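**Student:** Please find model-v4.cif (mmCIF, C-alpha atoms) on the next line:
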```cif
data_start
#
loop_
_atom_site.label_atom_id
_atom_site.label_comp_id
_atom_site.auth_asym_id
_atom_site.auth_seq_id
_atom_site.Cartn_x
_atom_site.Cartn_y
_atom_site.Cartn_z
CA MET A 1 145.07 88.17 71.92
CA ARG A 2 145.13 90.34 68.82
CA ALA A 3 141.42 90.80 68.15
CA THR A 4 137.98 90.63 69.73
CA PHE A 5 136.60 88.52 66.89
CA VAL A 6 137.77 85.89 64.47
CA ARG A 7 138.12 87.62 61.08
CA GLU A 8 137.72 90.93 62.90
CA PRO A 9 137.63 93.38 59.92
CA GLN A 10 135.00 91.30 58.12
CA THR A 11 132.98 90.82 61.31
CA LYS A 12 132.98 94.55 62.10
CA ALA A 13 131.97 95.40 58.54
CA ALA A 14 129.13 92.86 58.67
CA LEU A 15 128.02 94.23 62.05
CA ALA A 16 127.97 97.80 60.71
CA GLY A 17 125.74 96.66 57.86
CA PHE A 18 123.47 94.78 60.24
CA LEU A 19 123.06 97.86 62.44
CA GLN A 20 122.00 99.88 59.40
CA ARG A 21 119.51 97.26 58.20
CA ALA A 22 118.03 95.94 61.45
CA SER A 23 114.48 97.02 62.26
CA ARG A 24 115.05 96.21 65.94
CA LEU A 25 118.03 95.67 68.23
CA SER A 26 116.28 94.31 71.33
CA MET A 27 116.11 90.52 71.59
CA GLY A 28 114.22 88.98 68.69
CA PRO A 29 114.47 86.63 65.71
CA VAL A 30 118.24 86.89 65.24
CA CYS A 31 118.78 85.72 68.82
CA ARG A 32 116.41 82.83 68.20
CA ARG A 33 118.34 81.82 65.08
CA PHE A 34 121.58 81.83 67.05
CA GLU A 35 120.00 79.70 69.79
CA LYS A 36 118.87 77.15 67.23
CA SER A 37 122.25 77.10 65.48
CA PHE A 38 124.19 76.78 68.73
CA ALA A 39 121.95 73.97 69.95
CA GLY A 40 122.71 72.21 66.65
CA PHE A 41 126.46 72.65 67.11
CA GLN A 42 126.31 71.37 70.69
CA ALA A 43 123.89 68.53 69.73
CA ARG A 44 121.32 69.61 72.32
CA ARG A 45 117.59 70.08 71.83
CA GLU A 46 117.34 73.48 73.54
CA ALA A 47 119.54 76.55 73.92
CA ALA A 48 118.66 79.78 75.73
CA LEU A 49 120.79 82.88 75.08
CA PHE A 50 121.75 85.29 77.88
CA ASN A 51 123.63 88.56 78.20
CA SER A 52 126.63 86.80 79.81
CA GLY A 53 127.94 83.45 80.97
CA ALA A 54 127.57 84.62 84.58
CA SER A 55 123.89 85.35 83.91
CA ALA A 56 123.52 81.87 82.41
CA ASN A 57 124.86 80.32 85.64
CA LEU A 58 122.59 82.44 87.84
CA ALA A 59 119.52 81.83 85.69
CA LEU A 60 120.12 78.08 85.63
CA LEU A 61 120.05 77.81 89.43
CA GLN A 62 117.07 80.17 89.69
CA ALA A 63 115.16 78.15 87.09
CA LEU A 64 115.84 74.91 88.97
CA ARG A 65 114.70 76.56 92.19
CA ASN A 66 111.53 77.87 90.53
CA LEU A 67 110.77 74.34 89.33
CA GLY A 68 111.30 72.92 92.81
CA ARG A 69 114.21 70.74 91.74
CA LEU A 70 116.54 72.70 94.04
CA LYS A 71 115.72 74.71 97.16
CA ALA A 72 117.39 76.91 99.76
CA GLY A 73 119.51 74.83 102.09
CA ASP A 74 120.43 72.20 99.49
CA ALA A 75 124.12 71.28 99.44
CA ILE A 76 125.62 71.82 95.99
CA GLY A 77 129.00 70.27 95.17
CA PHE A 78 131.18 72.41 92.91
CA SER A 79 134.67 72.31 91.44
CA ALA A 80 137.13 73.77 93.93
CA VAL A 81 139.16 75.25 91.04
CA THR A 82 136.62 77.37 89.22
CA TRP A 83 135.43 80.85 88.36
CA SER A 84 133.73 83.13 90.88
CA THR A 85 130.33 83.17 89.17
CA ASN A 86 130.02 79.39 89.37
CA VAL A 87 129.95 79.63 93.16
CA MET A 88 128.29 82.99 93.79
CA PRO A 89 124.85 81.88 92.49
CA ILE A 90 124.88 78.94 94.93
CA ILE A 91 125.35 81.42 97.78
CA GLN A 92 122.88 83.92 96.31
CA MET A 93 120.18 81.22 96.02
CA GLY A 94 120.56 80.37 99.71
CA MET A 95 122.10 76.99 98.96
CA ILE A 96 125.16 75.50 100.62
CA PRO A 97 128.36 75.47 98.53
CA VAL A 98 130.48 72.35 99.03
CA PRO A 99 133.88 72.40 97.26
CA ILE A 100 135.09 69.18 95.64
CA ASP A 101 138.81 68.81 95.17
CA CYS A 102 140.36 68.76 91.69
CA SER A 103 143.05 66.48 90.36
CA PRO A 104 146.28 68.23 89.30
CA ALA A 105 146.54 65.61 86.54
CA THR A 106 143.43 66.97 84.77
CA LEU A 107 142.73 70.31 86.57
CA ASN A 108 139.22 68.94 87.07
CA VAL A 109 137.00 67.10 89.52
CA MET A 110 137.24 63.33 89.05
CA SER A 111 134.68 60.74 90.11
CA ASP A 112 136.93 59.62 92.99
CA ASN A 113 136.94 63.19 94.35
CA ILE A 114 133.12 63.14 94.35
CA ARG A 115 132.95 59.75 96.07
CA LYS A 116 135.17 61.05 98.85
CA ARG A 117 132.99 64.12 99.39
CA LEU A 118 129.79 62.05 99.33
CA ARG A 119 131.10 60.05 102.26
CA GLN A 120 131.18 63.33 104.21
CA VAL A 121 128.24 65.38 102.89
CA ARG A 122 124.84 64.59 101.44
CA LEU A 123 124.68 66.52 98.18
CA LYS A 124 121.65 67.47 96.09
CA ALA A 125 123.49 68.52 92.93
CA LEU A 126 126.88 68.88 91.27
CA PHE A 127 127.83 72.05 89.40
CA LEU A 128 131.15 71.13 87.82
CA THR A 129 133.48 73.31 85.79
CA ASN A 130 135.13 71.79 82.73
CA ALA A 131 138.32 73.76 83.21
CA LEU A 132 140.47 75.30 80.47
CA GLY A 133 139.42 72.89 77.70
CA PHE A 134 139.99 69.81 79.85
CA THR A 135 137.43 67.69 81.71
CA GLY A 136 137.25 65.08 84.42
CA ASP A 137 136.06 61.53 83.77
CA LEU A 138 132.59 62.75 82.80
CA PRO A 139 131.06 59.37 81.86
CA ALA A 140 131.94 57.99 85.31
CA ILE A 141 130.73 61.20 86.96
CA ARG A 142 127.42 60.96 85.09
CA SER A 143 126.94 57.35 86.27
CA LEU A 144 127.83 58.33 89.84
CA ALA A 145 125.36 61.24 89.78
CA ARG A 146 122.59 58.98 88.52
CA SER A 147 123.25 56.33 91.14
CA HIS A 148 123.08 58.93 93.93
CA GLY A 149 120.15 60.89 92.50
CA LEU A 150 122.21 64.05 91.98
CA LEU A 151 121.45 66.77 89.48
CA LEU A 152 124.54 67.14 87.29
CA LEU A 153 125.22 70.59 85.82
CA GLU A 154 128.28 71.55 83.77
CA ASP A 155 129.89 74.93 83.33
CA ASN A 156 131.41 74.43 79.88
CA CYS A 157 132.45 78.05 79.34
CA GLU A 158 136.11 77.08 78.89
CA SER A 159 135.66 73.75 77.08
CA LEU A 160 133.40 74.58 74.15
CA GLY A 161 134.29 72.10 71.39
CA THR A 162 136.06 69.54 73.59
CA ILE A 163 134.89 66.01 72.74
CA LEU A 164 135.13 62.75 74.64
CA PRO A 165 134.53 59.34 72.99
CA GLU A 166 131.14 59.34 74.75
CA GLY A 167 130.10 62.81 73.56
CA ARG A 168 130.71 66.55 73.74
CA ALA A 169 131.75 68.23 76.96
CA GLY A 170 128.65 69.99 78.22
CA ASN A 171 126.33 67.15 77.28
CA PHE A 172 126.78 64.85 80.26
CA GLY A 173 124.40 66.55 82.68
CA LEU A 174 120.92 68.02 82.82
CA ALA A 175 122.21 71.35 81.51
CA SER A 176 125.40 73.20 80.67
CA THR A 177 126.40 76.84 80.52
CA PHE A 178 128.65 78.68 78.05
CA SER A 179 130.29 82.09 77.84
CA PHE A 180 130.98 84.17 74.74
CA PHE A 181 133.06 86.81 76.48
CA VAL A 182 136.08 88.27 74.72
CA GLY A 183 138.93 85.76 74.60
CA HIS A 184 136.73 82.67 74.75
CA HIS A 185 136.35 80.11 71.97
CA MET A 186 133.95 82.51 70.27
CA SER A 187 133.09 86.06 71.22
CA THR A 188 129.91 88.13 71.10
CA ILE A 189 131.65 90.74 73.33
CA GLU A 190 129.32 89.75 76.17
CA GLY A 191 126.98 86.77 76.02
CA GLY A 192 126.19 83.34 77.38
CA MET A 193 124.06 80.27 76.76
CA VAL A 194 122.38 77.43 78.62
CA CYS A 195 121.91 74.15 76.74
CA THR A 196 119.63 71.31 77.82
CA ASP A 197 117.42 68.52 76.48
CA ASP A 198 114.80 69.27 79.16
CA ALA A 199 111.82 71.17 77.69
CA GLU A 200 110.42 72.21 81.09
CA LEU A 201 113.77 73.66 82.16
CA SER A 202 114.17 75.45 78.83
CA GLU A 203 110.78 77.10 79.25
CA MET A 204 111.61 78.24 82.78
CA LEU A 205 114.99 79.61 81.66
CA ARG A 206 113.18 81.88 79.20
CA ILE A 207 110.87 83.08 81.97
CA VAL A 208 113.81 83.72 84.31
CA ARG A 209 115.72 85.55 81.58
CA ALA A 210 112.99 88.11 80.90
CA ASN A 211 111.42 89.50 84.09
CA GLY A 212 109.20 86.46 84.69
CA TRP A 213 106.82 87.03 81.79
CA ASP A 214 105.94 84.83 78.83
CA ARG A 215 107.04 86.91 75.84
CA GLN A 216 109.78 84.54 74.67
CA LEU A 217 107.77 81.33 75.05
CA THR A 218 106.22 79.32 72.25
CA PRO A 219 102.53 80.00 71.40
CA ALA A 220 101.55 76.68 72.99
CA GLN A 221 103.45 77.49 76.19
CA VAL A 222 101.88 80.95 76.33
CA ARG A 223 98.33 79.53 75.95
CA ARG A 224 98.93 76.93 78.65
CA ARG A 225 100.32 79.40 81.18
CA ARG A 226 97.60 81.98 80.61
CA ARG A 227 94.90 79.35 80.86
CA GLU A 228 96.44 77.89 84.03
CA HIS A 229 96.63 81.30 85.73
CA HIS A 230 93.38 82.71 84.27
CA VAL A 231 95.19 85.59 82.57
CA ASP A 232 93.47 87.36 79.67
CA ARG A 233 95.27 88.73 76.65
CA PHE A 234 95.36 92.31 77.93
CA GLN A 235 96.55 91.57 81.47
CA ALA A 236 99.18 89.14 80.11
CA LYS A 237 101.22 92.09 78.86
CA TYR A 238 102.38 92.66 82.45
CA THR A 239 101.88 89.30 84.13
CA PHE A 240 104.91 87.74 85.85
CA TYR A 241 104.84 84.01 86.52
CA ASP A 242 107.91 83.37 88.68
CA LEU A 243 111.08 84.83 90.19
CA ALA A 244 113.29 86.23 87.47
CA PHE A 245 115.86 88.77 86.32
CA ASN A 246 116.42 90.89 83.24
CA GLN A 247 119.27 89.00 81.56
CA ARG A 248 118.23 89.45 77.96
CA PRO A 249 120.80 89.71 75.17
CA THR A 250 120.37 92.01 72.19
CA GLU A 251 120.09 91.24 68.50
CA ILE A 252 123.72 92.37 68.26
CA THR A 253 124.64 89.40 70.47
CA GLY A 254 122.67 87.06 68.24
CA PHE A 255 124.19 88.46 65.05
CA LEU A 256 127.74 88.20 66.34
CA GLY A 257 127.04 84.70 67.60
CA LEU A 258 125.92 83.55 64.15
CA GLN A 259 129.00 85.14 62.61
CA GLN A 260 131.43 83.59 65.09
CA LEU A 261 129.80 80.16 65.02
CA ARG A 262 130.95 79.80 61.43
CA GLY A 263 134.13 77.77 61.32
CA LEU A 264 134.11 77.14 65.08
CA ALA A 265 134.85 73.42 64.68
CA ALA A 266 137.93 74.16 62.57
CA ARG A 267 139.14 76.72 65.11
CA CYS A 268 138.82 74.17 67.91
CA LEU A 269 141.11 71.88 65.90
CA ARG A 270 143.55 74.77 65.51
CA ARG A 271 143.53 75.32 69.27
CA GLN A 272 144.34 71.66 69.80
CA ALA A 273 147.21 71.79 67.32
CA ASN A 274 148.64 74.85 69.10
CA TYR A 275 148.40 73.10 72.44
CA LEU A 276 150.10 69.95 71.20
CA ALA A 277 153.02 72.03 69.91
CA VAL A 278 153.56 73.56 73.35
CA GLU A 279 152.82 70.32 75.19
CA ARG A 280 155.83 68.66 73.57
CA ILE A 281 158.09 71.04 75.48
CA ILE A 282 156.15 70.61 78.73
CA ARG A 283 156.47 66.83 78.54
CA ILE A 284 160.24 66.83 78.25
CA ASN A 285 160.88 69.50 80.89
CA PRO A 286 161.20 67.83 84.33
CA ASP A 287 160.18 71.09 86.02
CA PHE A 288 156.58 70.53 84.85
CA LEU A 289 153.80 68.00 85.45
CA PRO A 290 152.15 67.11 82.12
CA LEU A 291 148.34 67.10 82.06
CA GLU A 292 146.31 63.98 81.31
CA ARG A 293 144.20 64.14 78.15
CA SER A 294 144.03 60.50 77.04
CA HIS A 295 140.31 60.40 77.93
CA LEU A 296 139.62 63.21 75.44
CA LYS A 297 138.95 62.70 71.75
CA LEU A 298 139.44 66.39 70.93
CA LEU A 299 140.99 68.95 73.27
CA SER A 300 139.50 72.35 72.45
CA SER A 301 142.29 74.10 74.32
CA PHE A 302 141.25 77.32 76.03
CA CYS A 303 144.86 78.17 76.87
CA PHE A 304 148.29 76.70 77.62
CA PRO A 305 148.03 75.60 81.28
CA VAL A 306 151.30 74.78 83.03
CA LEU A 307 151.79 73.04 86.38
CA CYS A 308 155.24 73.43 87.93
CA ARG A 309 156.51 70.92 90.47
CA ASN A 310 156.70 73.60 93.13
CA SER A 311 155.91 77.29 93.66
CA ARG A 312 159.57 78.32 93.43
CA LEU A 313 159.75 76.97 89.88
CA ARG A 314 156.51 78.76 89.05
CA GLY A 315 158.06 82.05 90.09
CA ARG A 316 161.02 81.42 87.81
CA TYR A 317 158.90 80.67 84.74
CA LEU A 318 156.45 83.51 85.40
CA ALA A 319 159.35 85.95 85.44
CA ARG A 320 160.73 84.48 82.22
CA LEU A 321 157.39 84.72 80.39
CA GLU A 322 156.72 88.25 81.63
CA ARG A 323 160.16 89.41 80.47
CA ALA A 324 159.34 87.99 77.03
CA GLY A 325 156.07 89.95 76.90
CA VAL A 326 153.83 86.88 77.27
CA GLU A 327 150.78 87.57 79.44
CA VAL A 328 150.23 84.96 82.16
CA ARG A 329 147.26 84.28 84.42
CA PRO A 330 146.47 82.12 87.47
CA ILE A 331 144.65 78.82 86.89
CA ILE A 332 141.18 80.40 86.95
CA ALA A 333 140.49 81.50 90.57
CA GLY A 334 142.66 78.78 92.10
CA ASN A 335 141.34 77.22 95.28
CA ILE A 336 138.06 79.11 95.64
CA GLN A 337 138.16 78.76 99.44
CA ARG A 338 141.07 81.20 99.38
CA GLN A 339 139.02 83.93 97.67
CA PRO A 340 137.85 86.91 99.82
CA PHE A 341 134.17 86.63 98.90
CA TYR A 342 134.12 82.95 99.84
CA ALA A 343 135.73 83.57 103.22
CA LYS A 344 133.14 86.27 103.90
CA TYR A 345 130.04 84.18 103.21
CA VAL A 346 130.99 80.53 103.82
CA ARG A 347 132.23 79.22 107.16
CA ALA A 348 132.83 75.54 106.41
CA ARG A 349 136.30 74.60 105.18
CA TYR A 350 137.50 71.41 103.55
CA PRO A 351 141.03 70.16 102.89
CA LEU A 352 141.67 70.59 99.16
CA PRO A 353 145.25 69.48 98.49
CA GLY A 354 144.80 69.19 94.72
CA ALA A 355 143.25 72.65 94.43
CA ASP A 356 145.98 74.09 96.66
CA PHE A 357 148.68 72.61 94.46
CA ILE A 358 147.06 74.02 91.32
CA HIS A 359 146.64 77.39 93.08
CA ASP A 360 150.28 77.59 94.17
CA CYS A 361 152.08 75.95 91.26
CA GLY A 362 149.99 76.62 88.15
CA PHE A 363 149.60 79.34 85.54
CA TYR A 364 148.47 79.69 81.96
CA CYS A 365 148.95 81.86 78.89
CA GLY A 366 146.48 82.35 76.08
CA ASN A 367 145.87 80.04 73.14
CA TYR A 368 144.14 81.53 70.10
CA PRO A 369 143.55 80.27 66.56
CA ASP A 370 145.38 83.29 65.13
CA LEU A 371 148.65 82.63 66.97
CA ARG A 372 151.54 82.63 64.52
CA PRO A 373 154.33 80.05 64.52
CA ASN A 374 156.72 82.59 66.01
CA ASP A 375 154.24 83.28 68.86
CA ILE A 376 154.11 79.61 69.74
CA GLU A 377 157.87 79.31 69.44
CA ALA A 378 158.32 82.22 71.84
CA ILE A 379 156.18 80.43 74.43
CA ARG A 380 158.04 77.18 73.82
CA LEU A 381 161.40 78.88 74.38
CA CYS A 382 160.17 80.35 77.67
CA LEU A 383 159.12 76.89 78.84
CA THR A 384 162.36 75.19 77.88
CA GLN A 385 164.50 74.18 80.85
#
```
Can I see the file as structure tokens?
**Tutor:**
Amino acid sequence: MRATFVREPQTKAALAGFLQRASRLSMGPVCRRFEKSFAGFQARREAALFNSGASANLALLQALRNLGRLKAGDAIGFSAVTWSTNVMPIIQMGMIPVPIDCSPATLNVMSDNIRKRLRQVRLKALFLTNALGFTGDLPAIRSLARSHGLLLLEDNCESLGTILPEGRAGNFGLASTFSFFVGHHMSTIEGGMVCTDDAELSEMLRIVRANGWDRQLTPAQVRRRRREHHVDRFQAKYTFYDLAFNQRPTEITGFLGLQQLRGLAARCLRRQANYLAVERIIRINPDFLPLERSHLKLLSSFCFPVLCRNSRLRGRYLARLERAGVEVRPIIAGNIQRQPFYAKYVRARYPLPGADFIHDCGFYCGNYPDLRPNDIEAIRLCLTQ
């Protein structure tokens, strides 16, 4: 990765000008404009901006608990190959994390994986990660969730811009979360978002984000809450309606978000083109297992994920890439059951052969819109048998 931002010199210059002109830097109208613009891009009615993607995950579960849609002791199914802060909020909310295995063919939970787990455990919700630009069979998962009365939540932090014939990744459940950390599809340095079509959830997210008070609600929402709780105008300044955090972004986050949202669709296409160039080598090298993407209309590739046929081969290709100066990473956190924090707080264990295979045999290197042809060729050469 060469830069924090797309068009970095121009973005930094624009940010310097904004800092000089802005009358306030705490969350305000610029953040609201970014929320509205991002909701438009994602084709969702509501978007709530947070100071990080991790905060978005935590706030989403807290908001659902505040609304009584989830409670302590509920079993929440989650993708076994995921990021730490998808699972930690489940534990922190006093809910029961239940890992669902992932298919090596897609890196994601598939509907068959969920059916298998449902035969063993009664779940209340699914919090699934759309991993590395790919997804599972989300239309089938949505139908399955509806038939079993499950809340479906998507972490779409790594698949912003990915499109299926049935719609955008992140739009198949009640709500979805996004991250704008450095290196993601768009960067605000730190930042995150929750998108939903549910007005009640959107209102509660804004309460959870800001200490439990009503300062970011609409005038109509403010009047209703104050009337319901018999709060006068003066006392409302420090009235707190529900359990909450301070997860507010700043106007800097909102400004950078508006800047980076420009041209995002074109950059997602560029990411796909980069991936397809590398995929051609992966498909002809018998050391690798190609990933399935036929169910995707547009693959907004987060990176170049590679699955080797065994761990010995992975060691060989990792060494080759590292010698060439190409940074490589594990496939997210691998099988989350093998993480220290999980072993400390969760006793139950499930066989997860797909997640284990991905953990032991997978790796990825970064995919960015500003990669040059010689960068991609260097990766291709490293992946050639």
**Student:** Grab the CA of Gly170 (chain A) to CA of Ala56 (chain A) distance for me, in Å with one decimal place.
**Tutor:**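 CA of Ala56 (chain A) lies 13.6 Å from CA of Gly170 (chain A).
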**Student:** Could you tell me how far CA of Leu243 (chain A) lies from CA of Lys124 (chain A), in Å and to one decimal?
**Tutor:**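 Going from CA of Leu243 (chain A) over to CA of Lys124 (chain A), I get 21.2 Å.
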**Student:** Find the spatial neighbours of Gln339 (chain A), counting only C-alpha atoms, within a cut-off of 12 Å - ignore same-chain residues fewer than 3 positions away - and output them as an NGL selection string.
**Tutor:** :A and (80-84 or 87-88 or 332-336 or 342-346 or 359)
**Student:** Between A:Thr250, A:Ser37, A:Gln62, A:Gln259, which one has atoms that come closest to Gly212 (chain A), using only C-alpha atoms?
**Tutor:** A:Gln62
**Student:** Run the PyMOL selection byres ((chain A and resi 29-35) around 10) mentally over the shown coordinates, then write out the matched residues as a VMD selection string, using the chain letters and numbers from the document.
**Tutor:** chain A and resid 22 24 to 28 36 to 41 46 to 50 193 to 195 216 248 to 259 261
**Student:** Counting all atoms listed in the file, figure out which residue out of A:Lys71, A:Pro104, A:Phe172, A:Thr162 gets nearest to Gly354 (chain A).
**Tutor:**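 When distances to Gly354 (chain A) are compared using all atoms listed in the file, the smallest one comes from A:Pro104.
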**Student:** In Å, how far is it from CA of Ser52 (chain A) to CA of Arg206 (chain A)?
**Tutor:**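 Computed distance, CA of Ser52 (chain A) to CA of Arg206 (chain A), equals 14.3 Å.
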**Student:** Would you mind writing region 287-318 of chain A with N, CA and C atoms, as a compact mmCIF listing (two decimals), in the coordinates of the input?
**Tutor:**
```txt
# COMPACT_ATOMS: atom_id res chain seq x y z
N ASP A 287 160.73 70.11 85.09
CA ASP A 287 160.18 71.09 86.02
C ASP A 287 158.66 71.10 86.03
N PHE A 288 158.04 70.47 85.03
CA PHE A 288 156.58 70.53 84.85
C PHE A 288 155.93 69.16 85.05
N LEU A 289 154.63 69.20 85.39
CA LEU A 289 153.80 68.00 85.45
C LEU A 289 152.85 68.01 84.26
N PRO A 290 153.04 67.12 83.28
CA PRO A 290 152.15 67.11 82.12
C PRO A 290 150.71 66.79 82.52
N LEU A 291 149.76 67.34 81.79
CA LEU A 291 148.34 67.10 82.06
C LEU A 291 147.85 65.88 81.30
N GLU A 292 146.88 65.20 81.89
CA GLU A 292 146.31 63.98 81.31
C GLU A 292 145.17 64.35 80.36
N ARG A 293 145.26 63.88 79.13
CA ARG A 293 144.20 64.14 78.15
C ARG A 293 143.83 62.90 77.36
N SER A 294 144.29 61.73 77.80
CA SER A 294 144.03 60.50 77.04
C SER A 294 142.54 60.14 76.99
N HIS A 295 141.75 60.68 77.92
CA HIS A 295 140.31 60.40 77.93
C HIS A 295 139.54 61.34 77.00
N LEU A 296 140.25 62.25 76.35
CA LEU A 296 139.62 63.21 75.44
C LEU A 296 139.87 62.81 73.99
N LYS A 297 138.83 62.94 73.18
CA LYS A 297 138.95 62.70 71.75
C LYS A 297 139.45 63.94 71.03
N LEU A 298 138.98 65.10 71.46
CA LEU A 298 139.44 66.39 70.93
C LEU A 298 139.57 67.36 72.08
N LEU A 299 140.74 67.95 72.23
CA LEU A 299 140.99 68.95 73.27
C LEU A 299 140.85 70.34 72.66
N SER A 300 139.71 70.98 72.93
CA SER A 300 139.50 72.35 72.45
C SER A 300 140.16 73.29 73.45
N SER A 301 141.47 73.45 73.30
CA SER A 301 142.29 74.10 74.32
C SER A 301 141.93 75.57 74.49
N PHE A 302 141.56 75.93 75.71
CA PHE A 302 141.25 77.32 76.03
C PHE A 302 142.53 78.15 76.16
N CYS A 303 143.61 77.48 76.58
CA CYS A 303 144.86 78.17 76.87
C CYS A 303 145.98 77.15 76.96
N PHE A 304 147.16 77.59 77.35
CA PHE A 304 148.29 76.70 77.62
C PHE A 304 148.49 76.64 79.14
N PRO A 305 147.83 75.70 79.83
CA PRO A 305 148.03 75.60 81.28
C PRO A 305 149.33 74.88 81.60
N VAL A 306 150.01 75.35 82.63
CA VAL A 306 151.30 74.78 83.03
C VAL A 306 151.27 74.56 84.54
N LEU A 307 151.64 73.35 84.97
CA LEU A 307 151.79 73.04 86.38
C LEU A 307 153.26 72.79 86.67
N CYS A 308 153.85 73.62 87.51
CA CYS A 308 155.24 73.43 87.93
C CYS A 308 155.27 72.48 89.13
N ARG A 309 156.41 71.88 89.37
CA ARG A 309 156.51 70.92 90.47
C ARG A 309 156.51 71.59 91.83
N ASN A 310 156.79 72.87 91.87
CA ASN A 310 156.70 73.60 93.13
C ASN A 310 156.52 75.09 92.84
N SER A 311 156.20 75.86 93.85
CA SER A 311 155.91 77.29 93.66
C SER A 311 157.16 78.08 93.30
N ARG A 312 158.33 77.62 93.78
CA ARG A 312 159.57 78.32 93.43
C ARG A 312 159.81 78.27 91.93
N LEU A 313 159.60 77.10 91.33
CA LEU A 313 159.75 76.97 89.88
C LEU A 313 158.72 77.84 89.15
N ARG A 314 157.50 77.90 89.70
CA ARG A 314 156.51 78.76 89.05
C ARG A 314 157.00 80.20 89.00
N GLY A 315 157.56 80.69 90.08
CA GLY A 315 158.06 82.05 90.09
C GLY A 315 159.11 82.29 89.02
N ARG A 316 159.97 81.29 88.83
CA ARG A 316 161.02 81.42 87.81
C ARG A 316 160.42 81.53 86.42
N TYR A 317 159.46 80.66 86.09
CA TYR A 317 158.90 80.67 84.74
C TYR A 317 157.96 81.86 84.51
N LEU A 318 157.26 82.30 85.54
CA LEU A 318 156.45 83.51 85.40
C LEU A 318 157.32 84.70 85.04
```
